[in-house]
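Chemist: Would you mind keeping the following structure in view while I ask a few things?
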Amino acid sequence: MAITQVLEHFAEVKKGLTVVLVSATLISAFGSSFQYGYNVAVVNPPSKFMQSFYNQTYIDRNNQPMNENLLTVSWSLTVSLFPLGGLFGSLLIVPLLVDKLGRKGILLVNNIFSIVPAILMGTSKQSKSFEIIMISRFIVGLCAGVAANVVPMYVGEIAPKRLRGGIGVVPQLFITIGILFAQILGLRFLLANDDGWPLMLAMTGIPAILQVILLPLLPESPRFLLIQKGSVDKARAALQRLRGYDNVENEIEEMQLEDQSEKADGLLTVKNLFTLKALRWQLITVIMLNMGQQLSGVNAIYYYADSIFRTAGVYENSIQFITVGTGTINVIMTIAAIFIVDAAGRKILLLIGFAICGLFSAVLTVALKLQNMIHWMPAISILSIIVYIIGHAIGPSPIPYVVTTELFRQSSRPAAFMVAGSVHWFCNFLVGIIFPFLVQGFGPYCFVIFSSICFLTFAYIFIFVPETKNKTFQEISQTMAKRNKVEVEEELDMSQAEVKEKQ
């Protein structure tokens, strides 16, 4: 792409960014997505102090310490109950409420699942109960499960077509900022110590409180208001606030066309997604992208970064600063993705990202295997993790959310996010619960598994995933209808027949 085209692209971006659009994007992402990232990383820095608390509590109750296996299982549950909660939040809460309360409404209600566990975790040491931490991790996981589905849906629906990719990456940016913030607070001289870790866990409630105060001041998704609620006037008013000008009829007409083409569908369920041929490749693509994102091993690195660096031979006092450094790189590269995703495209960033992750997972395997034989191998281990994080940040981390929003139309989007979120959180939970045992059983070779998954996902994207940049939802739907070898009119006939059969 020529320099003049890039400059023209950024000029268009600047014109489309209004105060209301930016505020709605930032407040929804900070109040929700930030918490997801924060809780992914928050238990890593103070892990040895928290495990000491677990052990001491067990001693006080039973007059003997936990055996090593029980402590490993207890800690694995503490880590993994968070993504398990995310799975339940995505599977149960989102489909029940997202089209009743609206995108903004469910985000506001969702803050209950952050504020309550924040209080419980903050007082867990005084109550002498590590079980409270486990339960709270599950509850705050519910919050993250809802946020991971609804925030991308909300920002994708309020964004203009030419900015949808960049704005769609913002939730992932705040996830990375949440991870970095947890890593900074996790420095030993701040909160990752015997006295500070309860406060560190409790701070997840602060973004929720701010969102409860500020989000009601901002508009609901215009697409939700028009297509789900049938209110053209409310949709127009919300769109005018978001765009900063009165003449929004082109977007209103595009929404109405989408609404008319979906009248026969009604609200599609998960069952419809798995039975309609017209949605076959959209569904397969979303499942593959979310499996690839999570099974690529990224959360193994986030959950257990300190132990990985320790295994790599890094000095104990240096580990915390290296972890913060990797978190900083993650944020910087996600910011870069925001600015290039609408210019470069979704597909190329996914391909580059998965290729980098696959290659450097393999390099990390070799480096960990040879670290006791070659004195400079620990540096290669650190470099591999840093480059891996760069690769994941520009493609596999942010782009699946954008693609899920774009591949499905309004009536099928909530069910699609439910499926995507369920796959995302189940794979996240799986990695969190089995990674310590993979390390025990396979040592550094466990990263070969992650490398293989990255390359398999790369192959799928290269062959099957279309480019969606600068296309309306209707245009993307028509593209996918051709791929499914089902014309748009035939798709509507199938849906209408199914609705009549139910009636």
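Labels used: A, B, ... for chains in the order of the structure tokens, numbers from 1 for residues in each chain, and numbers from 1 for ligands as shown.
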How close does each residue of range 292-401 of chain A get to range 414-431 of chain A, giving the shortest atom pair and distance in Å to one decimal for every residue with an atom at most 7 Å away, counting only C-alpha atoms, sorted by chain and residue number, as a tab-separated table?
Modeler:
```
residue	atom	partner	partner_atom	distance
A:Gln294	CA	A:Asn428	CA	5.6
A:Leu295	CA	A:Cys427	CA	6.2
A:Asn299	CA	A:Asn428	CA	7.0
A:Ala300	CA	A:Val431	CA	6.3
```
Chemist: Please provide as an NGL selection string all residues within 10 Å of range 22-28 of chain A, with the sequence filter that same-chain residues fewer than 4 positions apart are discarded (counting only C-alpha atoms).
Modeler: :A and (16-18 or 32-34 or 103-104 or 107-108 or 147 or 150-152 or 154-156 or 158-159 or 167-168 or 170-171 or 174 or 207-208 or 210-212 or 214-221 or 242)
Chemist: Measuring between only C-alpha atoms, which one of A:Thr404, A:Gly345, A:Arg241, A:Ala192 shows the shortest distance to Leu283 in chain A?
Modeler: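 Using only C-alpha atoms, the shortest distance to Leu283 in chain A belongs to A:Thr404.
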Chemist: Write out as an mmCIF file with N, CA and C atoms, in the first residue's frame which residues come within 9 Å of Ile177 in chain A when counting only C-alpha atoms, dropping same-chain ones fewer than 3 positions away.
Modeler:
```
data_model
loop_
_atom_site.group_PDB
_atom_site.id
_atom_site.type_symbol
_atom_site.label_atom_id
_atom_site.label_comp_id
_atom_site.auth_asym_id
_atom_site.auth_seq_id
_atom_site.Cartn_x
_atom_site.Cartn_y
_atom_site.Cartn_z
ATOM 1 N N PHE A 34 -11.095 -4.849 30.272
ATOM 2 C CA PHE A 34 -9.951 -4.659 31.167
ATOM 3 C C PHE A 34 -9.952 -5.704 32.281
ATOM 4 N N GLY A 37 -8.633 -9.177 31.142
ATOM 5 C CA GLY A 37 -7.181 -9.250 31.119
ATOM 6 C C GLY A 37 -6.568 -9.206 32.504
ATOM 7 N N TYR A 38 -7.104 -8.356 33.356
ATOM 8 C CA TYR A 38 -6.560 -8.218 34.709
ATOM 9 C C TYR A 38 -6.643 -9.544 35.460
ATOM 10 N N GLN A 172 -9.700 -6.006 22.811
ATOM 11 C CA GLN A 172 -8.482 -6.785 23.034
ATOM 12 C C GLN A 172 -7.361 -5.908 23.576
ATOM 13 N N LEU A 173 -7.305 -4.651 23.134
ATOM 14 C CA LEU A 173 -6.311 -3.726 23.685
ATOM 15 C C LEU A 173 -6.484 -3.588 25.189
ATOM 16 N N PHE A 174 -7.720 -3.453 25.642
ATOM 17 C CA PHE A 174 -7.953 -3.290 27.081
ATOM 18 C C PHE A 174 -7.723 -4.593 27.836
ATOM 19 N N LEU A 180 -1.233 -6.071 31.661
ATOM 20 C CA LEU A 180 -0.062 -5.267 32.030
ATOM 21 C C LEU A 180 -0.240 -4.625 33.397
ATOM 22 N N PHE A 181 -1.430 -4.109 33.671
ATOM 23 C CA PHE A 181 -1.694 -3.468 34.955
ATOM 24 C C PHE A 181 -1.516 -4.465 36.099
ATOM 25 N N ALA A 182 -2.004 -5.701 35.893
ATOM 26 C CA ALA A 182 -1.820 -6.740 36.913
ATOM 27 C C ALA A 182 -0.344 -7.068 37.086
ATOM 28 N N GLY A 327 4.422 -7.750 28.971
ATOM 29 C CA GLY A 327 3.087 -7.154 28.986
ATOM 30 C C GLY A 327 3.056 -5.824 28.256
ATOM 31 N N THR A 328 4.110 -5.032 28.399
ATOM 32 C CA THR A 328 4.210 -3.746 27.706
ATOM 33 C C THR A 328 4.271 -3.945 26.197
ATOM 34 N N ASN A 330 3.079 -6.445 24.577
ATOM 35 C CA ASN A 330 1.747 -6.910 24.186
ATOM 36 C C ASN A 330 0.811 -5.732 23.927
ATOM 37 N N VAL A 331 0.830 -4.746 24.824
ATOM 38 C CA VAL A 331 -0.026 -3.563 24.663
ATOM 39 C C VAL A 331 0.379 -2.777 23.420
#
```
Chemist: Would you mind reading off the distance between CA of Ile449 in chain A and CA of Gly353 in chain A, one decimal, in Å?
Modeler: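 According to the coordinates, CA of Ile449 in chain A and CA of Gly353 in chain A are separated by 16.9 Å.
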Chemist: Rank nothing, just name the residue among A:Gly186, A:Pro378, A:Pro436, A:Gly230 nearest to Ser74 in chain A, using only C-alpha atoms.
Modeler: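 Smallest distance to Ser74 in chain A is found for A:Pro436.
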Chemist: Mind the document's chain letters and residue numbers, and return as number ranges by chain the residues of range 268-490 of chain A that DSSP labels alpha helix (DSSP H).
Modeler: A: 270-275, 280-295, 298-303, 305-311, 316-344, 346-370, 377-394, 399-407, 413-442, 446-464, 473-483, 488-490
Chemist: Please, what distance in Å, to one decimal, runs between CA of Pro398 in chain A and CA of Leu77 in chain A?
Modeler: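 If I compute the distance from CA of Pro398 in chain A to CA of Leu77 in chain A, I get 26.6 Å.
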Chemist: What separation in Å, quoted to one decimal, exists between CA of Ile179 in chain A and CA of Tyr36 in chain A?
Modeler: 8.3 Å
Chemist: Using only C-alpha atoms, pick whichever of A:Ala118, A:Val40, A:Met288, A:Arg188 has the shortest atom-to-atom distance to Gly432 in chain A.
Modeler: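 The answer is A:Val40, which sits nearest to Gly432 in chain A.
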Chemist: Report as a VMD selection string all protein, DNA and RNA residues lying within 8 Å of Ile356 in chain A, evaluated on only C-alpha atoms, omitting residues in the same chain fewer than 6 positions from it.
Modeler: chain A and resid 387 to 388 391 to 392
Chemist: Go ahead and save the residues from that selection, with C-alpha atoms, as a short mmCIF file (atom, residue, chain, number, x, y, z; two decimals), in the first residue's frame.
Modeler:
```cif
data_model
loop_
_atom_site.label_atom_id
_atom_site.label_comp_id
_atom_site.auth_asym_id
_atom_site.auth_seq_id
_atom_site.Cartn_x
_atom_site.Cartn_y
_atom_site.Cartn_z
CA VAL A 387 8.31 -12.56 19.70
CA TYR A 388 5.49 -15.05 20.33
CA GLY A 391 2.75 -12.38 16.88
CA HIS A 392 -0.29 -13.16 19.00
#
```
Chemist: Compare A:Leu101, A:Leu226, A:Val169, A:Ala379 by their minimum atom-to-atom distance to Glu254 in chain A, counting only C-alpha atoms, and give me the closest one.
Modeler: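 Closest to Glu254 in chain A, using only C-alpha atoms: A:Leu226.
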Chemist: With distances taken over only C-alpha atoms, which of A:Glu157, A:Phe455, A:Gly443, A:Leu289 is nearest to Ala238 in chain A?
Modeler: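 For Ala238 in chain A, the nearest of the candidates is A:Glu157.
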Chemist: Could you pull the residues within 12 Å of Phe408 in chain A, counting only C-alpha atoms, minus those fewer than 4 positions along the same chain, as a PyMOL selection string?
Modeler: chain A and resi 153+156-157+258+262+268+273+278-283+285-286+401-404+412-417+420+468+472-481
Chemist: Please, could you write that set of residues out with N, CA, C and O atoms as a compact mmCIF listing (two decimals), in the first residue's frame?
Modeler:
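File produced: selection-v7.txt:
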```txt
# COMPACT_ATOMS: atom_id res chain seq x y z
N MET A 153 -19.34 -7.24 20.41
CA MET A 153 -20.62 -7.10 19.72
C MET A 153 -21.08 -5.64 19.73
O MET A 153 -21.48 -5.08 18.69
N GLY A 156 -18.62 -3.34 17.73
CA GLY A 156 -18.74 -3.65 16.31
C GLY A 156 -20.00 -3.07 15.70
O GLY A 156 -20.01 -2.69 14.52
N GLU A 157 -21.07 -3.00 16.49
CA GLU A 157 -22.34 -2.49 15.99
C GLU A 157 -22.42 -0.97 16.00
O GLU A 157 -23.19 -0.39 15.23
N GLU A 258 -31.00 -5.02 6.03
CA GLU A 258 -30.62 -6.21 6.80
C GLU A 258 -31.81 -6.73 7.59
O GLU A 258 -32.05 -7.95 7.66
N GLU A 262 -33.90 -10.43 7.17
CA GLU A 262 -33.88 -11.37 8.29
C GLU A 262 -35.25 -11.57 8.93
O GLU A 262 -35.38 -12.31 9.90
N LEU A 268 -32.26 -16.34 15.59
CA LEU A 268 -31.68 -17.65 15.38
C LEU A 268 -31.06 -18.18 16.67
O LEU A 268 -30.40 -17.45 17.40
N LEU A 273 -27.80 -22.45 14.06
CA LEU A 273 -26.44 -22.29 13.54
C LEU A 273 -25.86 -23.62 13.10
O LEU A 273 -25.13 -23.69 12.11
N ALA A 278 -26.66 -22.47 5.23
CA ALA A 278 -26.25 -21.11 4.86
C ALA A 278 -25.32 -20.48 5.87
O ALA A 278 -24.72 -19.44 5.60
N LEU A 279 -25.19 -21.08 7.04
CA LEU A 279 -24.29 -20.56 8.07
C LEU A 279 -23.14 -21.52 8.39
O LEU A 279 -22.42 -21.32 9.36
N ARG A 280 -22.99 -22.56 7.56
CA ARG A 280 -22.05 -23.62 7.87
C ARG A 280 -20.61 -23.12 7.99
O ARG A 280 -19.95 -23.35 9.00
N TRP A 281 -20.11 -22.41 6.97
CA TRP A 281 -18.70 -22.02 6.98
C TRP A 281 -18.44 -20.86 7.95
O TRP A 281 -17.33 -20.74 8.49
N GLN A 282 -19.44 -20.02 8.18
CA GLN A 282 -19.28 -18.99 9.21
C GLN A 282 -19.03 -19.65 10.56
O GLN A 282 -18.13 -19.25 11.32
N LEU A 283 -19.85 -20.66 10.87
CA LEU A 283 -19.75 -21.33 12.17
C LEU A 283 -18.41 -22.07 12.30
O LEU A 283 -17.74 -21.96 13.33
N THR A 285 -15.64 -21.46 10.80
CA THR A 285 -14.56 -20.48 10.88
C THR A 285 -14.43 -19.90 12.28
O THR A 285 -13.32 -19.79 12.83
N VAL A 286 -15.55 -19.54 12.87
CA VAL A 286 -15.52 -18.97 14.22
C VAL A 286 -14.99 -19.99 15.23
O VAL A 286 -14.19 -19.65 16.12
N TYR A 401 -12.42 -11.78 17.36
CA TYR A 401 -13.59 -11.03 17.82
C TYR A 401 -14.17 -10.21 16.68
O TYR A 401 -15.40 -10.13 16.50
N VAL A 402 -13.30 -9.57 15.91
CA VAL A 402 -13.75 -8.74 14.79
C VAL A 402 -14.44 -9.61 13.74
O VAL A 402 -15.52 -9.28 13.25
N VAL A 403 -13.83 -10.73 13.41
CA VAL A 403 -14.36 -11.62 12.38
C VAL A 403 -15.71 -12.21 12.80
O VAL A 403 -16.63 -12.34 11.98
N THR A 404 -15.84 -12.57 14.08
CA THR A 404 -17.12 -13.11 14.56
C THR A 404 -18.24 -12.09 14.39
O THR A 404 -19.36 -12.42 13.98
N SER A 412 -28.42 -13.60 13.95
CA SER A 412 -27.61 -14.77 14.32
C SER A 412 -26.40 -14.40 15.17
O SER A 412 -25.71 -15.29 15.69
N ARG A 413 -26.11 -13.10 15.34
CA ARG A 413 -24.89 -12.69 16.03
C ARG A 413 -24.85 -13.12 17.49
O ARG A 413 -23.81 -13.62 17.96
N PRO A 414 -25.93 -12.96 18.30
CA PRO A 414 -25.86 -13.41 19.69
C PRO A 414 -25.56 -14.90 19.82
O PRO A 414 -24.74 -15.31 20.65
N ALA A 415 -26.22 -15.73 19.01
CA ALA A 415 -25.97 -17.17 19.06
C ALA A 415 -24.54 -17.48 18.60
O ALA A 415 -23.88 -18.37 19.16
N ALA A 416 -24.05 -16.74 17.61
CA ALA A 416 -22.68 -16.95 17.13
C ALA A 416 -21.67 -16.63 18.21
O ALA A 416 -20.69 -17.36 18.41
N PHE A 417 -21.89 -15.53 18.92
CA PHE A 417 -20.98 -15.16 20.00
C PHE A 417 -21.08 -16.16 21.16
O PHE A 417 -20.10 -16.39 21.86
N ALA A 420 -18.92 -19.00 19.89
CA ALA A 420 -17.52 -18.56 19.90
C ALA A 420 -17.01 -18.45 21.33
O ALA A 420 -15.90 -18.90 21.65
N THR A 468 -12.66 -9.51 5.04
CA THR A 468 -13.92 -8.82 5.31
C THR A 468 -13.77 -7.31 5.46
O THR A 468 -14.76 -6.63 5.73
N THR A 472 -19.85 -4.13 4.04
CA THR A 472 -20.99 -4.06 4.93
C THR A 472 -21.34 -5.47 5.40
O THR A 472 -20.91 -6.47 4.82
N PHE A 473 -22.15 -5.55 6.47
CA PHE A 473 -22.58 -6.86 6.96
C PHE A 473 -23.34 -7.61 5.87
O PHE A 473 -23.22 -8.84 5.75
N GLN A 474 -24.11 -6.87 5.07
CA GLN A 474 -24.89 -7.50 4.01
C GLN A 474 -23.96 -8.07 2.92
O GLN A 474 -24.18 -9.18 2.42
N GLU A 475 -22.92 -7.33 2.56
CA GLU A 475 -21.97 -7.81 1.55
C GLU A 475 -21.22 -9.05 2.03
O GLU A 475 -21.00 -10.00 1.26
N ILE A 476 -20.84 -9.06 3.30
CA ILE A 476 -20.15 -10.22 3.85
C ILE A 476 -21.07 -11.43 3.84
O ILE A 476 -20.66 -12.55 3.53
N SER A 477 -22.34 -11.20 4.19
CA SER A 477 -23.32 -12.28 4.19
C SER A 477 -23.47 -12.89 2.80
O SER A 477 -23.56 -14.11 2.64
N GLN A 478 -23.47 -12.05 1.78
CA GLN A 478 -23.59 -12.54 0.40
C GLN A 478 -22.34 -13.34 -0.01
O GLN A 478 -22.44 -14.36 -0.69
N THR A 479 -21.17 -12.88 0.42
CA THR A 479 -19.93 -13.60 0.14
C THR A 479 -19.97 -15.00 0.75
O THR A 479 -19.60 -15.99 0.11
N MET A 480 -20.41 -15.08 1.99
CA MET A 480 -20.46 -16.37 2.67
C MET A 480 -21.55 -17.26 2.09
O MET A 480 -21.41 -18.49 2.07
N ALA A 481 -22.63 -16.67 1.58
CA ALA A 481 -23.68 -17.47 0.94
C ALA A 481 -23.12 -18.18 -0.29
O ALA A 481 -23.44 -19.34 -0.56
```
Chemist: Can you work out which one of A:Met377, A:Ala202, A:Cys454, A:Ala336 has the shortest atom-to-atom distance to Cys357 in chain A, counting only C-alpha atoms?
Modeler: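 So, comparing all the options, the nearest one is A:Cys454.
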Chemist: Give me the residues within 10 Å of Thr204 in chain A as an NGL selection string, counting only C-alpha atoms and dropping any in the same chain fewer than 5 places off.
Modeler: :A and (31-32 or 34-36 or 38-39 or 42 or 114-115 or 117-119 or 121-122 or 140 or 178 or 182 or 199 or 209)
Chemist: Go ahead and write the residues just picked, N, CA, C and O atoms, as a compact mmCIF listing (two decimals), in the first residue's frame.
Modeler:
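The result, written out as out.txt:
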```
# COMPACT_ATOMS: atom_id res chain seq x y z
N GLY A 31 -14.42 -0.87 31.35
CA GLY A 31 -15.23 -1.41 32.42
C GLY A 31 -15.39 -2.91 32.36
O GLY A 31 -15.68 -3.55 33.37
N SER A 32 -15.18 -3.52 31.18
CA SER A 32 -15.43 -4.95 31.03
C SER A 32 -14.21 -5.73 30.54
O SER A 32 -13.73 -6.62 31.22
N PHE A 34 -11.10 -4.85 30.27
CA PHE A 34 -9.95 -4.66 31.17
C PHE A 34 -9.95 -5.70 32.28
O PHE A 34 -8.91 -6.27 32.63
N GLN A 35 -11.14 -5.97 32.82
CA GLN A 35 -11.24 -6.94 33.92
C GLN A 35 -10.87 -8.35 33.47
O GLN A 35 -10.27 -9.12 34.24
N TYR A 36 -11.23 -8.69 32.24
CA TYR A 36 -10.86 -9.99 31.69
C TYR A 36 -9.34 -10.14 31.74
O TYR A 36 -8.80 -11.10 32.30
N TYR A 38 -7.10 -8.36 33.36
CA TYR A 38 -6.56 -8.22 34.71
C TYR A 38 -6.64 -9.54 35.46
O TYR A 38 -5.68 -9.97 36.11
N ASN A 39 -7.76 -10.22 35.33
CA ASN A 39 -7.95 -11.47 36.08
C ASN A 39 -7.25 -12.67 35.44
O ASN A 39 -7.04 -13.68 36.11
N VAL A 42 -3.68 -11.70 37.18
CA VAL A 42 -3.54 -11.20 38.55
C VAL A 42 -3.03 -12.25 39.53
O VAL A 42 -2.39 -11.91 40.54
N SER A 114 -18.55 -8.60 39.07
CA SER A 114 -17.20 -8.10 39.35
C SER A 114 -17.10 -7.51 40.75
O SER A 114 -16.15 -7.80 41.48
N ILE A 115 -18.06 -6.71 41.11
CA ILE A 115 -18.00 -6.00 42.40
C ILE A 115 -18.11 -6.97 43.57
O ILE A 115 -17.35 -6.88 44.55
N PRO A 117 -17.39 -10.39 43.79
CA PRO A 117 -16.18 -11.18 44.04
C PRO A 117 -14.98 -10.33 44.43
O PRO A 117 -14.09 -10.80 45.15
N ALA A 118 -14.94 -9.07 43.98
CA ALA A 118 -13.84 -8.19 44.39
C ALA A 118 -13.84 -8.02 45.91
O ALA A 118 -12.78 -8.08 46.56
N ILE A 119 -15.02 -7.83 46.46
CA ILE A 119 -15.14 -7.68 47.93
C ILE A 119 -14.76 -8.98 48.62
O ILE A 119 -14.03 -8.98 49.63
N MET A 121 -12.82 -11.49 47.53
CA MET A 121 -11.38 -11.80 47.44
C MET A 121 -10.56 -10.86 48.31
O MET A 121 -9.55 -11.27 48.90
N GLY A 122 -10.99 -9.61 48.40
CA GLY A 122 -10.27 -8.65 49.22
C GLY A 122 -10.31 -8.97 50.71
O GLY A 122 -9.41 -8.57 51.46
N VAL A 140 -16.10 -13.98 38.98
CA VAL A 140 -15.53 -12.94 38.14
C VAL A 140 -15.29 -13.49 36.73
O VAL A 140 -15.27 -12.74 35.75
N GLY A 178 -5.18 -4.63 30.84
CA GLY A 178 -5.51 -5.26 32.12
C GLY A 178 -4.42 -6.23 32.55
O GLY A 178 -4.03 -6.27 33.73
N ALA A 182 -2.00 -5.70 35.89
CA ALA A 182 -1.82 -6.74 36.91
C ALA A 182 -0.34 -7.07 37.09
O ALA A 182 0.13 -7.31 38.21
N LEU A 199 -5.51 -7.05 48.34
CA LEU A 199 -5.89 -5.79 47.70
C LEU A 199 -5.75 -5.89 46.18
O LEU A 199 -6.58 -5.38 45.43
N ILE A 209 -17.16 -0.29 38.88
CA ILE A 209 -17.83 0.86 39.50
C ILE A 209 -17.86 2.05 38.56
O ILE A 209 -18.88 2.73 38.41
```
